[in-house]
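Next comes protein-v3.txt, with compact mmCIF, C-alpha atoms.
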# COMPACT_ATOMS: atom_id res chain seq x y z
CA MET A 1 1.13 -55.53 26.71
CA THR A 2 0.71 -58.64 24.55
CA GLY A 3 -0.79 -60.55 27.44
CA GLU A 4 2.59 -62.16 28.06
CA SER A 5 5.26 -60.63 30.28
CA VAL A 6 7.82 -58.62 28.34
CA GLU A 7 10.82 -56.79 29.68
CA PRO A 8 10.66 -53.17 28.52
CA ASP A 9 13.74 -51.94 26.70
CA PRO A 10 14.98 -48.44 27.35
CA VAL A 11 12.91 -46.03 25.27
CA PRO A 12 14.72 -43.22 23.49
CA GLU A 13 13.06 -39.90 24.11
CA ALA A 14 12.49 -37.24 21.49
CA SER A 15 15.13 -34.65 20.98
CA ALA A 16 14.15 -31.08 21.72
CA GLU A 17 16.12 -29.87 18.70
CA VAL A 18 14.19 -30.47 15.51
CA GLY A 19 15.53 -29.30 12.18
CA PRO A 20 13.82 -29.16 8.81
CA ALA A 21 15.64 -32.30 7.68
CA ASP A 22 14.31 -34.18 10.72
CA ALA A 23 10.81 -32.88 10.07
CA ALA A 24 10.97 -33.88 6.40
CA GLY A 25 12.28 -37.34 7.28
CA LEU A 26 9.64 -37.85 9.95
CA LEU A 27 6.80 -36.73 7.68
CA LYS A 28 8.05 -38.99 4.90
CA GLU A 29 8.25 -41.93 7.27
CA MET A 30 4.73 -41.29 8.59
CA ARG A 31 3.38 -41.07 5.03
CA LEU A 32 4.94 -44.45 4.28
CA LEU A 33 3.51 -46.02 7.45
CA ARG A 34 0.07 -44.62 6.64
CA ARG A 35 0.23 -45.83 3.05
CA ASN A 36 1.33 -49.33 4.07
CA ALA A 37 -1.39 -49.56 6.75
CA ARG A 38 -4.04 -48.39 4.32
CA SER A 39 -2.88 -50.81 1.68
CA ALA A 40 -2.84 -53.73 4.16
CA ARG A 41 -6.35 -52.84 5.30
CA HIS A 42 -7.88 -52.88 1.81
CA ALA A 43 -9.98 -55.98 1.32
CA TYR A 44 -12.92 -54.73 -0.70
CA TRP A 45 -12.57 -57.17 -3.56
CA PHE A 46 -14.65 -59.67 -1.55
CA PRO A 47 -17.88 -57.63 -1.17
CA LEU A 48 -17.62 -56.61 -4.84
CA VAL A 49 -17.40 -60.21 -6.03
CA LEU A 50 -19.95 -61.39 -3.45
CA PHE A 51 -22.65 -58.90 -4.45
CA SER A 52 -21.89 -59.53 -8.11
CA LEU A 53 -22.52 -63.25 -7.59
CA LEU A 54 -25.68 -62.52 -5.60
CA THR A 55 -26.88 -60.38 -8.51
CA PHE A 56 -26.13 -63.14 -11.02
CA ALA A 57 -27.99 -65.57 -8.76
CA ALA A 58 -31.04 -63.29 -8.90
CA ILE A 59 -31.35 -63.74 -12.69
CA PRO A 60 -34.09 -66.44 -12.54
CA PHE A 61 -36.30 -63.96 -10.66
CA TYR A 62 -35.97 -61.42 -13.47
CA VAL A 63 -37.11 -63.79 -16.19
CA MET A 64 -40.52 -62.43 -17.16
CA PRO A 65 -43.53 -64.43 -16.05
CA THR A 66 -45.77 -65.81 -18.77
CA PHE A 67 -48.21 -63.30 -20.25
CA LYS A 68 -51.79 -64.53 -20.60
CA GLY A 69 -55.00 -62.62 -21.18
CA GLY A 70 -53.42 -59.21 -20.88
CA ILE A 71 -51.82 -59.77 -17.46
CA TYR A 72 -48.66 -61.41 -16.27
CA ALA A 73 -49.14 -64.77 -14.57
CA SER A 74 -47.20 -63.42 -11.62
CA ALA A 75 -48.98 -60.85 -9.51
CA GLY A 76 -45.64 -59.60 -8.27
CA PRO A 77 -44.17 -59.77 -4.83
CA SER A 78 -45.51 -58.20 -1.67
CA MET A 79 -42.30 -56.23 -1.19
CA PRO A 80 -42.61 -53.63 -3.92
CA ILE A 81 -39.44 -51.70 -3.06
CA LEU A 82 -37.12 -54.69 -2.89
CA GLY A 83 -38.94 -56.82 -5.45
CA GLY A 84 -40.43 -54.45 -8.03
CA ALA A 85 -43.87 -52.98 -8.49
CA PRO A 86 -46.82 -55.39 -8.21
CA GLY A 87 -47.80 -56.70 -11.60
CA PHE A 88 -44.54 -55.59 -13.17
CA ALA A 89 -42.64 -58.09 -15.22
CA VAL A 90 -40.64 -59.82 -12.53
CA GLN A 91 -41.18 -63.10 -10.73
CA ASN A 92 -42.78 -63.53 -7.35
CA TYR A 93 -40.34 -63.85 -4.48
CA LEU A 94 -37.80 -61.44 -5.97
CA GLY A 95 -38.29 -59.26 -2.89
CA TYR A 96 -37.79 -62.21 -0.57
CA TYR A 97 -34.67 -63.17 -2.48
CA TRP A 98 -33.18 -59.67 -2.16
CA LEU A 99 -34.09 -59.43 1.50
CA ALA A 100 -32.18 -62.66 2.18
CA ALA A 101 -29.36 -61.74 -0.24
CA LEU A 102 -28.78 -58.27 1.20
CA LEU A 103 -28.79 -59.43 4.81
CA GLY A 104 -26.75 -62.55 3.99
CA GLY A 105 -24.30 -60.49 1.94
CA LEU A 106 -24.00 -58.02 4.80
CA ALA A 107 -23.27 -60.80 7.30
CA LEU A 108 -20.69 -62.40 4.99
CA THR A 109 -19.00 -59.04 4.37
CA LEU A 110 -18.71 -58.39 8.11
CA TRP A 111 -17.33 -61.89 8.62
CA TRP A 112 -14.82 -61.24 5.83
CA TYR A 113 -13.57 -58.00 7.38
CA ARG A 114 -13.18 -59.67 10.80
CA ARG A 115 -11.19 -62.47 9.21
CA HIS A 116 -9.05 -59.97 7.32
CA ALA A 117 -8.41 -58.03 10.56
CA ARG A 118 -7.26 -61.20 12.30
CA ARG A 119 -4.87 -61.96 9.45
CA THR A 120 -3.41 -58.51 8.85
CA GLY A 121 -3.63 -57.03 12.36
CA LEU A 122 -5.62 -53.98 11.26
CA LYS A 123 -9.34 -53.56 11.82
CA THR A 124 -11.52 -51.70 9.33
CA PRO A 125 -14.42 -49.79 10.90
CA SER A 126 -17.46 -51.64 9.58
CA ARG A 127 -20.19 -50.28 11.85
CA GLY A 128 -21.19 -47.55 9.37
CA TYR A 129 -21.53 -50.08 6.56
CA LEU A 130 -23.58 -52.41 8.75
CA ILE A 131 -25.93 -49.66 9.89
CA THR A 132 -26.36 -48.18 6.39
CA VAL A 133 -27.20 -51.42 4.56
CA ALA A 134 -29.35 -52.80 7.40
CA ALA A 135 -31.24 -49.50 7.78
CA LEU A 136 -31.88 -49.10 4.03
CA THR A 137 -33.04 -52.71 3.73
CA GLY A 138 -35.28 -52.25 6.78
CA VAL A 139 -36.79 -49.05 5.41
CA ALA A 140 -37.36 -50.67 2.01
CA LEU A 141 -39.15 -53.52 3.77
CA ILE A 142 -41.20 -51.45 6.19
CA ILE A 143 -42.43 -48.58 3.97
CA PRO A 144 -44.80 -50.72 1.84
CA LEU A 145 -46.13 -52.45 4.97
CA LEU A 146 -46.80 -49.16 6.73
CA ALA A 147 -48.33 -47.64 3.61
CA HIS A 148 -51.19 -50.14 3.87
CA PHE A 149 -52.45 -48.17 6.87
CA ARG A 150 -54.35 -44.96 6.27
CA PRO A 151 -52.14 -42.59 8.33
CA PHE A 152 -49.08 -43.73 6.36
CA ARG A 153 -50.56 -43.72 2.84
CA PHE A 154 -48.40 -40.69 2.01
CA LEU A 155 -45.36 -43.02 2.08
CA TYR A 156 -46.41 -44.45 -1.29
CA VAL A 157 -46.02 -40.99 -2.74
CA ALA A 158 -42.68 -40.52 -1.00
CA VAL A 159 -41.22 -43.59 -2.71
CA PRO A 160 -39.76 -42.71 -6.12
CA GLY A 161 -41.67 -45.20 -8.21
CA ASP A 162 -39.31 -45.07 -11.18
CA LEU A 163 -36.50 -46.34 -9.00
CA VAL A 164 -38.38 -49.37 -7.73
CA ILE A 165 -40.69 -50.64 -10.47
CA ARG A 166 -38.05 -52.79 -12.18
CA GLY A 167 -37.06 -54.57 -8.97
CA THR A 168 -33.59 -53.04 -9.17
CA PHE A 169 -33.70 -50.92 -6.01
CA PRO A 170 -31.45 -53.44 -4.17
CA PHE A 171 -28.67 -52.35 -6.58
CA LEU A 172 -28.96 -48.83 -5.15
CA ILE A 173 -28.76 -50.19 -1.59
CA ILE A 174 -25.59 -52.07 -2.59
CA ALA A 175 -24.25 -48.89 -4.24
CA ILE A 176 -24.80 -46.75 -1.14
CA GLY A 177 -23.24 -49.50 1.00
CA LEU A 178 -20.16 -49.47 -1.25
CA CYS A 179 -19.87 -45.67 -0.90
CA VAL A 180 -19.85 -46.06 2.90
CA LEU A 181 -17.32 -48.88 2.63
CA ALA A 182 -15.07 -46.69 0.45
CA TRP A 183 -15.10 -44.07 3.18
CA ALA A 184 -14.37 -46.69 5.86
CA GLU A 185 -11.51 -48.15 3.83
CA ARG A 186 -10.30 -44.68 2.84
CA SER A 187 -9.97 -45.98 -0.67
CA ARG A 188 -10.22 -43.66 -3.64
CA ALA A 189 -10.30 -46.65 -5.97
CA LEU A 190 -13.32 -48.12 -4.19
CA GLY A 191 -14.89 -44.66 -4.15
CA LEU A 192 -14.53 -44.51 -7.93
CA ILE A 193 -15.90 -48.05 -8.31
CA ALA A 194 -18.85 -47.15 -6.05
CA LEU A 195 -19.58 -44.05 -8.15
CA ILE A 196 -19.46 -46.01 -11.42
CA TYR A 197 -21.64 -48.73 -9.92
CA THR A 198 -24.11 -46.14 -8.60
CA GLY A 199 -24.39 -44.73 -12.12
CA THR A 200 -24.92 -48.22 -13.50
CA ALA A 201 -27.54 -49.00 -10.84
CA LEU A 202 -29.39 -45.78 -11.69
CA VAL A 203 -29.35 -46.62 -15.41
CA ALA A 204 -30.63 -50.13 -14.63
CA SER A 205 -33.39 -48.66 -12.47
CA LEU A 206 -34.53 -45.85 -14.75
CA TYR A 207 -33.98 -47.19 -18.27
CA ASP A 208 -34.72 -50.36 -20.21
CA VAL A 209 -31.19 -51.38 -21.09
CA GLU A 210 -32.45 -53.92 -23.64
CA ASN A 211 -33.31 -50.97 -25.90
CA VAL A 212 -29.60 -50.49 -26.48
CA LEU A 213 -29.27 -54.15 -27.45
CA PHE A 214 -32.24 -53.84 -29.81
CA ARG A 215 -30.48 -50.94 -31.52
CA LEU A 216 -27.31 -53.01 -31.72
CA GLY A 217 -29.22 -55.68 -33.61
CA TRP A 218 -30.63 -58.03 -30.96
CA ASN A 219 -33.93 -59.24 -32.27
CA PRO A 220 -35.30 -61.61 -29.65
CA SER A 221 -37.33 -64.56 -30.81
CA PRO A 222 -40.75 -65.06 -29.15
CA ASN A 223 -39.12 -67.44 -26.66
CA GLN A 224 -36.50 -64.83 -25.76
CA TRP A 225 -38.94 -62.07 -24.85
CA GLN A 226 -39.02 -63.36 -21.30
CA LEU A 227 -35.32 -62.58 -21.08
CA THR A 228 -35.47 -58.93 -22.08
CA ASP A 229 -35.26 -57.69 -18.46
CA LEU A 230 -31.94 -59.41 -17.98
CA PRO A 231 -29.65 -56.70 -19.46
CA ASN A 232 -30.77 -54.45 -16.58
CA VAL A 233 -29.48 -57.08 -14.16
CA LEU A 234 -26.42 -58.23 -16.05
CA LEU A 235 -24.98 -54.72 -16.51
CA PRO A 236 -24.49 -53.94 -12.78
CA ALA A 237 -23.48 -57.54 -12.07
CA VAL A 238 -20.74 -57.44 -14.71
CA VAL A 239 -19.49 -54.04 -13.49
CA LEU A 240 -19.18 -55.38 -9.92
CA LEU A 241 -17.52 -58.60 -11.05
CA ALA A 242 -14.96 -56.80 -13.22
CA ALA A 243 -14.18 -54.35 -10.40
CA GLY A 244 -13.95 -57.16 -7.84
CA VAL A 245 -11.61 -59.30 -9.93
CA GLY A 246 -9.47 -56.24 -10.73
CA ALA A 247 -9.31 -55.27 -7.04
CA PHE A 248 -8.40 -58.85 -6.08
CA LEU A 249 -5.47 -58.89 -8.53
CA VAL A 250 -4.23 -55.46 -7.41
CA GLN A 251 -4.53 -56.26 -3.69
CA ARG A 252 -2.77 -59.60 -4.13
CA LYS A 253 0.08 -57.88 -5.98
CA GLN A 254 0.35 -55.23 -3.26
CA ARG A 255 0.58 -57.88 -0.54
CA ARG A 256 3.29 -59.73 -2.45
CA VAL A 257 5.31 -56.53 -2.80
CA ALA A 258 4.85 -55.73 0.92
CA MET B 1 -14.19 -36.75 28.50
CA THR B 2 -15.49 -34.27 25.94
CA ALA B 3 -13.53 -33.09 22.90
CA ALA B 4 -13.17 -29.69 24.60
CA ASP B 5 -11.66 -31.31 27.71
CA GLU B 6 -9.31 -33.32 25.54
CA ALA B 7 -8.26 -30.23 23.63
CA ALA B 8 -7.72 -28.32 26.90
CA GLU B 9 -5.29 -30.99 28.08
CA LEU B 10 -3.13 -30.65 24.98
CA PRO B 11 -0.17 -28.30 25.13
CA ASP B 12 -0.66 -24.73 23.93
CA ARG B 13 0.49 -24.58 20.31
CA SER B 14 -1.05 -21.33 19.37
CA ASN B 15 1.87 -19.08 18.55
CA GLY B 16 5.62 -18.86 18.14
CA HIS B 17 8.08 -21.14 16.41
CA PRO B 18 6.58 -24.37 15.03
CA THR B 19 8.83 -26.43 17.33
CA ASN B 20 6.79 -25.03 20.24
CA GLY B 21 3.97 -27.13 18.89
CA LEU B 22 5.92 -30.36 19.20
CA ASP B 23 4.79 -32.50 22.10
CA GLU B 24 7.54 -34.72 23.55
CA THR B 25 5.07 -37.55 24.15
CA VAL B 26 3.94 -37.59 20.54
CA HIS B 27 7.05 -36.36 18.77
CA GLN B 28 9.15 -39.43 19.54
CA ARG B 29 9.49 -41.23 16.22
CA HIS B 30 8.05 -44.59 17.21
CA ARG B 31 5.22 -43.13 19.24
CA LEU B 32 4.32 -40.91 16.30
CA GLY B 33 4.38 -44.05 14.15
CA ILE B 34 2.04 -45.87 16.55
CA LEU B 35 -0.42 -42.97 16.46
CA THR B 36 -0.18 -42.71 12.65
CA ILE B 37 -0.96 -46.41 12.17
CA ALA B 38 -3.68 -46.45 14.85
CA ALA B 39 -5.33 -43.44 13.19
CA GLU B 40 -5.52 -45.38 9.91
CA ALA B 41 -7.60 -48.21 11.32
CA GLU B 42 -10.29 -48.85 13.88
CA SER B 43 -7.57 -50.62 15.84
CA ALA B 44 -4.13 -52.08 15.18
CA ASP B 45 -2.73 -55.33 16.50
CA PHE B 46 0.41 -55.39 18.68
CA GLY B 47 2.10 -57.70 16.16
CA TYR B 48 1.38 -55.38 13.24
CA LEU B 49 2.78 -52.38 15.12
CA ARG B 50 5.88 -54.34 16.16
CA ASP B 51 6.63 -55.45 12.60
CA ALA B 52 5.76 -52.13 10.94
CA LEU B 53 7.92 -50.12 13.33
CA GLY B 54 10.71 -52.68 13.67
CA LEU B 55 10.55 -52.67 17.47
CA THR B 56 11.13 -55.36 20.05
CA PRO B 57 8.01 -56.39 22.03
CA GLY B 58 9.46 -54.81 25.18
CA ASN B 59 10.20 -51.51 23.51
CA LEU B 60 6.81 -51.32 21.83
CA SER B 61 5.15 -52.19 25.13
CA ARG B 62 6.93 -49.29 26.83
CA HIS B 63 5.89 -46.83 24.10
CA LEU B 64 2.29 -48.03 24.34
CA THR B 65 2.31 -47.49 28.09
CA VAL B 66 3.53 -43.91 27.62
CA LEU B 67 0.79 -43.19 25.08
CA GLU B 68 -1.90 -44.94 27.11
CA GLU B 69 -0.98 -43.02 30.26
CA ALA B 70 -1.21 -39.79 28.25
CA GLY B 71 -4.73 -40.81 27.17
CA LEU B 72 -3.75 -40.87 23.49
CA ILE B 73 -4.49 -44.54 22.85
CA LYS B 74 -6.69 -47.26 24.29
CA VAL B 75 -5.32 -50.77 24.71
CA ASP B 76 -7.63 -53.79 24.65
CA LYS B 77 -6.22 -57.16 25.64
CA GLY B 78 -7.98 -60.37 24.83
CA TYR B 79 -7.62 -63.86 23.50
CA GLU B 80 -8.27 -65.47 20.15
CA GLY B 81 -8.50 -69.11 21.06
CA LYS B 82 -5.54 -69.63 23.35
CA ARG B 83 -3.50 -66.89 21.74
CA PRO B 84 -3.26 -63.55 23.55
CA ARG B 85 -4.03 -60.61 21.32
CA THR B 86 -3.67 -56.89 22.02
CA TRP B 87 -5.49 -54.26 19.98
CA VAL B 88 -4.53 -50.60 20.08
CA SER B 89 -6.97 -47.84 19.10
CA ILE B 90 -6.45 -44.11 19.01
CA THR B 91 -8.55 -41.80 21.22
CA GLY B 92 -10.03 -38.43 20.29
CA ALA B 93 -7.18 -36.75 22.17
CA GLY B 94 -4.71 -38.94 20.27
CA ARG B 95 -6.16 -37.84 16.93
CA SER B 96 -5.95 -34.18 17.97
CA ALA B 97 -2.36 -34.62 19.20
CA LEU B 98 -1.35 -36.41 16.00
CA ALA B 99 -2.93 -33.73 13.82
CA ALA B 100 -1.22 -30.98 15.83
CA GLU B 101 2.15 -32.74 15.60
CA LEU B 102 1.91 -33.25 11.84
CA ALA B 103 0.75 -29.66 11.40
CA ALA B 104 3.74 -28.39 13.44
CA LEU B 105 6.18 -30.50 11.41
CA THR B 106 4.64 -29.33 8.14
CA GLU B 107 4.78 -25.71 9.28
CA LEU B 108 8.44 -26.12 10.31
CA LEU B 109 9.24 -27.51 6.88
CA ARG B 110 7.27 -24.75 5.15
CA ARG B 111 9.10 -22.00 7.04
CA HIS B 112 12.50 -23.41 6.16
CA SER B 113 11.67 -24.01 2.53
CA ALA B 114 10.18 -20.53 2.06
CA PRO B 115 12.53 -17.95 0.44
CA GLN B 116 14.49 -16.08 3.13
CA PRO B 117 14.41 -12.25 3.19
CA LEU B 118 17.60 -10.61 1.84
CA ILE B 119 18.12 -8.45 4.94

Represent the structure from my file as structure tokens, please.
Amino acid sequence: MTGESVEPDPVPEASAEVGPADAAGLLKEMRLLRRNARSARHAYWFPLVLFSLLTFAAIPFYVMPTFKGGIYASAGPSMPILGGAPGFAVQNYLGYYWLAALLGGLALTLWWYRRHARRTGLKTPSRGYLITVAALTGVALIIPLLAHFRPFRFLYVAVPGDLVIRGTFPFLIIAIGLCVLAWAERSRALGLIALIYTGTALVASLYDVENVLFRLGWNPSPNQWQLTDLPNVLLPAVVLLAAGVGAFLVQRKQRRVA
Amino acid sequence: MTAADEAAELPDRSNGHPTNGLDETVHQRHRLGILTIAAEAESADFGYLRDALGLTPGNLSRHLTVLEEAGLIKVDKGYEGKRPRTWVSITGAGRSALAAELAALTELLRRHSAPQPLI
């Protein structure tokens, strides 16, 4: 069975007589096996930290372009769903960055789970995660292109503008990906993290988080006005990083105990 | 094989004492363990199963053959570099059989822990 020849030992067969004590013992043993397998399979700290770092790396693209003559110097990217609405206060190429970051992050996450499977001996089903993130990224890329053509103009209306104008829609793709990953890992903890992150991504997409900082006393100097979009990026990045570091510490402790 | 075909091949566990629902192929402790672990992952490595169940390679191999012949698991053999590697995944019939076995055991436990009638 291992690819090498092994002499089979005699296999004890099940007894026909099963009492409640046997049943209780068997169920308890199976629960323990399931719990240990689930715990060994958990490896979600990596995608959390990875997408947090990719979000931090996106910061230069969220620094506002210079504002001259009533318009921003940047006309905005040609990928309005991934990179924010045209003319909105984000840098060119944000969409290109997120396209590369999402697909690169997806590839690295799949590589990570394969590596983890080789090390632990348990494979996590990652096909759902792959399909979800790739499909959402593809749809986000294709809709604006299709909407240029007359028969598909209605797609512009179908896109919820409030969710995309700030260039934070990639956070929602990451959030949905994490929800699928939580299901694949059968992890309540990751499910909770994904829910919290989804909430954070929605806040970052629908609200100017810097308003909170203004109320708390942040009074940006004229040079700092270009940085006022950054709280919307830093909030989800910090949430992911904190969750990722926490998950790493917990998973390392669990492996040591096992 | 459809899910209906797989279900039709499983023993009848509809009525009677919960022990009637116990399938000898699945009920054996180690084979139940193999199915439980395989159901938790897309597939489980031979080495993981051996260590988790505390079996010798020969014994585990025999149990896997029994389960594979019953159509409850699928065994994929391959190599990683020069090292042979065997991955075990549970089939639809295996999932159904595992669920039925655990349900029968739970029902058995429930019946015995329920208050007995005085007469």

Between chain B and chain A, at 6 Å or less, what are the per-residue closest atom pairs and their distances in Å? Count only C-alpha atoms, order by chain and rising residue number, and return it as JSON lines.
{"residue": "B:Glu24", "atom": "CA", "partner": "A:Ala14", "partner_atom": "CA", "distance": 5.9}
{"residue": "B:Gln28", "atom": "CA", "partner": "A:Ala14", "partner_atom": "CA", "distance": 4.4}
{"residue": "B:Ile37", "atom": "CA", "partner": "A:Arg34", "partner_atom": "CA", "distance": 5.9}
{"residue": "B:Ala41", "atom": "CA", "partner": "A:Thr124", "partner_atom": "CA", "distance": 5.6}
{"residue": "B:Glu42", "atom": "CA", "partner": "A:Pro125", "partner_atom": "CA", "distance": 5.2}
{"residue": "B:Ser43", "atom": "CA", "partner": "A:Lys123", "partner_atom": "CA", "distance": 5.3}
{"residue": "B:Ala44", "atom": "CA", "partner": "A:Leu122", "partner_atom": "CA", "distance": 4.6}
{"residue": "B:Asp45", "atom": "CA", "partner": "A:Gly121", "partner_atom": "CA", "distance": 4.6}
{"residue": "B:Tyr48", "atom": "CA", "partner": "A:Gly121", "partner_atom": "CA", "distance": 5.3}
{"residue": "B:Gly58", "atom": "CA", "partner": "A:Pro8", "partner_atom": "CA", "distance": 3.9}
{"residue": "B:Asn59", "atom": "CA", "partner": "A:Asp9", "partner_atom": "CA", "distance": 4.8}
{"residue": "B:Ser61", "atom": "CA", "partner": "A:Met1", "partner_atom": "CA", "distance": 5.5}
{"residue": "B:Arg62", "atom": "CA", "partner": "A:Pro8", "partner_atom": "CA", "distance": 5.6}
{"residue": "B:Pro84", "atom": "CA", "partner": "A:Gly3", "partner_atom": "CA", "distance": 5.5}
{"residue": "B:Thr86", "atom": "CA", "partner": "A:Thr2", "partner_atom": "CA", "distance": 5.4}
{"residue": "B:Leu105", "atom": "CA", "partner": "A:Ala23", "partner_atom": "CA", "distance": 5.4}
{"residue": "B:Leu109", "atom": "CA", "partner": "A:Pro20", "partner_atom": "CA", "distance": 5.2}

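Interatomic distance, CA of Phe56 (chain A) to CA of Thr168 (chain A): 12.7 Å.
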
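The gap separating CA of Leu99 (chain A) from CA of Trp225 (chain A) is 26.9 Å, in Å to one decimal.
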
- [ ] Compile the contact shell of Ile143 (chain A) as a ChimeraX atom specification: residues with an atom at most 7 Å away, counting all atoms listed in the file, same-chain residues fewer than 4 positions apart removed.
- [x] /A:139,147,155

Written selection (C-alpha atoms) as a PDB file, in the frame of the given file:
ATOM      1  CA  VAL A 139     -36.790 -49.050   5.410  1.00  0.00           C
ATOM      2  CA  ALA A 147     -48.330 -47.640   3.610  1.00  0.00           C
ATOM      3  CA  LEU A 155     -45.360 -43.020   2.080  1.00  0.00           C
TER       4      LEU A 155
END

- [ ] Would you kindly return, as a PyMOL selection string, each protein, DNA or RNA residue with an atom no farther than 7 Å from any atom of Met79 (chain A), considering only C-alpha atoms and excluding same-chain residues fewer than 4 positions away?
- [x] chain A and resi 83+95+141+144

Task: Two-atom distance - CA of Thr132 (chain A), CA of Ile173 (chain A) (Å) - done: 8.6 Å

Open item on the list: With distances taken over all atoms listed in the file, which residue among B:Ala97, B:Ala103, B:Val75, B:Leu55 lies nearest Asp23 (chain B)?
Closed with: B:Ala97

Task: Among listed residues B:Val26, B:Leu102, B:Ala93, B:Ala38, nearest His63 (chain B) (using all atoms listed in the file) - done: B:Val26

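Using all atoms listed in the file, the residues found no farther than 10 Å from region 194-196 of chain A, other than those of its own chain fewer than 3 positions away, are Leu48, Ile174, Ala175, Ile176, Gly177, Leu178, Cys179, Val180, Leu181, Ala182, Arg188, Ala189, Leu190, Gly191, Gly199, Thr200, Ala201, Leu202, Pro236, Val239, Leu240 and Ala243 of chain A.
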
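Among B:Arg95, B:Lys82, B:Arg29, B:His112, the residue with the shortest atom-to-atom distance to Lys28 (chain A), counting all atoms listed in the file, is B:Arg29.
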
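Minimum atom-to-atom distance to Leu94 (chain A), evaluated using only C-alpha atoms, belongs to A:Arg166 out of A:Arg166, A:Trp111, A:Gly161, A:Phe154.
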